[in-house]
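Participant: Below is the structure I would like to discuss, written out as structure tokens.
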Amino acid sequence: MDPVVCLYACALFLFGLCAGSFLNVVIYRLPHGASLLHPPSTCPKCSSLIKWYDNLPVFSWLLLRAKCRSCSEPISSRYPSVELATGLLWGAVGAMAAKFTLEPLVLAGVMTATLVFVSILIAIAFIDYDLQIIPDELSIGGTVLMLGASAALPYLHPSWVETIPEVPGQVASLFGGVIGAVGGGGFILTFSIMGTLLFRHQITKAQVEDPDISTAIGFGDVKLLTLVGAFLGWQSVLVSFLFGTVFGALGGIVDKVRTGSWPPERIGIAGAIRYRWHSGGSVIPFGPFLCAGAMVMVFARTPVLDWFHSIILPLFR
Ligand SMILES: [Zn+2]
């Protein structure tokens, strides 16, 4: 392995573990409107303050053998899982960025924007999984951040910089971000309206169990794809939605194996559409799958888009 790539990946893996530790706080406190900085972390079972040496990402959990030092109650494997996932994804961003040939300042900007985007998606995925909500602070706040990054870094939407050379690169790139946000959000909103009309019968049935369900796709998911589009652009956000749908269908199959139930309406796209799939009492939100789809496009945007172009463009010839 190229030593530069290795250095970037390892350094960002370690920073990512620490970022994951902070994301655990975001995931648990943000939906309840609690401060992210105060009070310091305590054991959820015995409320004793967690010392810094027991709060090292992943390592402390392993050293403590997943038990609280004061009350010996088990510590959820969720904490080290979020830390490890964040570490690995940050490391992957580092490995990817090490291959970019950009000026150092631009490289730092692109890397920072990508790390922030990836981290917001991790937080959204876990919060939506836990509570079936996507906080506006993350989706709308993230969209604003990503549009700001688009304006500051023309590298994020290079095709728009090429398409409209008459305007400064920053303006063209911001335009690309806005088109991506409107395209992503607008697409899934249309999809949601169509799905709501198409699956009205199932939605009415699902409402008996959960009165909050009123549309095929939650409005939180619309805001999530607005965020994804602002960073990835309109083409990638649409492809990321396709991946999200496939992952959602696979998730439905896994859920079937787990719970041993399989309502037929959960198969395929109809199943991936979130009128939330009820199975043995478990609810599968769509957000985590959309986040996974967006992650694919973060790391494999160019080859995946090239592949799509090679399939779609000949159709118009
Ligand atoms: Zn404890």
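Chain lettering (A, B, ...) mirrors the order of the structure tokens, residue numbering begins at 1 for each chain separately, and ligand numbering begins at 1 in order of display.
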Just want the residues within 10 Å of ligand 1, written as a ChimeraX atom specification, counting only C-alpha atoms and all ligand atoms.
Facilitator: /A:42-50,67-75
Participant: Taking 2 positions as the minimum chain separation for residues in the same chain, which residues sit within 9 Å of Val239 (chain A) when counting only C-alpha atoms? Answer as a VMD selection string.
Facilitator: chain A and resid 234 to 237 241 to 244 293 to 294 297 304 to 305 308
Participant: In terms of the shortest atom-to-atom distance over only C-alpha atoms, which of A:Ile312, A:Val93, A:Ala19, A:Leu63 is closest to Thr114 (chain A)?
Facilitator: A:Val93
Participant: Quick one: pick out all alpha helix (DSSP H) residues within region 92-255 of chain A from a backbone DSSP run and write them as number ranges by chain.
Facilitator: A: 92-97, 104-131, 136-152, 158-163, 169-198, 200-209, 219-232, 234-255
Participant: DSSP says strand (DSSP E) for which residues of region 36-284 of chain A? Put them as a PyMOL selection string?
Facilitator: chain A and resi 277-279+282-284
Participant: Can you write out as JSON lines which residues of region 1-25 of chain A fall within 12 Å of region 127-139 of chain A, alongside each residue's closest atom pair and its distance in Å to one decimal, counting only C-alpha atoms and ordering rows by chain and ascending residue number?
Facilitator:
{"residue": "A:Leu23", "atom": "CA", "partner": "A:Ile127", "partner_atom": "CA", "distance": 10.4}
{"residue": "A:Asn24", "atom": "CA", "partner": "A:Ile127", "partner_atom": "CA", "distance": 10.0}
{"residue": "A:Val25", "atom": "CA", "partner": "A:Ile127", "partner_atom": "CA", "distance": 11.1}
Participant: With only C-alpha atoms as the basis for distance, which of A:Ile217, A:Met1, A:Leu14, A:Ile120 is at the shortest distance from Arg200 (chain A)?
Facilitator: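 Checking each candidate against Arg200 (chain A), we get A:Ile217 as the closest.
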Participant: Have a look at CA of Leu64 (chain A) and CA of Trp52 (chain A) and let me know their distance in Å, one decimal.
Facilitator: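 For CA of Leu64 (chain A) relative to CA of Trp52 (chain A), the distance reads 13.0 Å.
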Participant: So, with only C-alpha atoms as the atoms that count, which of A:Leu290, A:Val161, A:Ile140, A:Leu313 lies closest to Leu227 (chain A)?
Facilitator: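 Distance minimum relative to Leu227 (chain A) lands on A:Ile140.
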Participant: Out of A:Ala125, A:Val26, A:Leu145, A:Ile193, which residue has the shortest atom-to-atom distance to Thr112 (chain A) when counting only C-alpha atoms?
Facilitator: A:Leu145
Participant: My list of candidates is A:Leu198, A:Ala92, A:Leu147, A:Leu107. Which is closest to Val228 (chain A) when distances are computed with only C-alpha atoms?
Facilitator: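 Smallest distance to Val228 (chain A) is found for A:Leu147.
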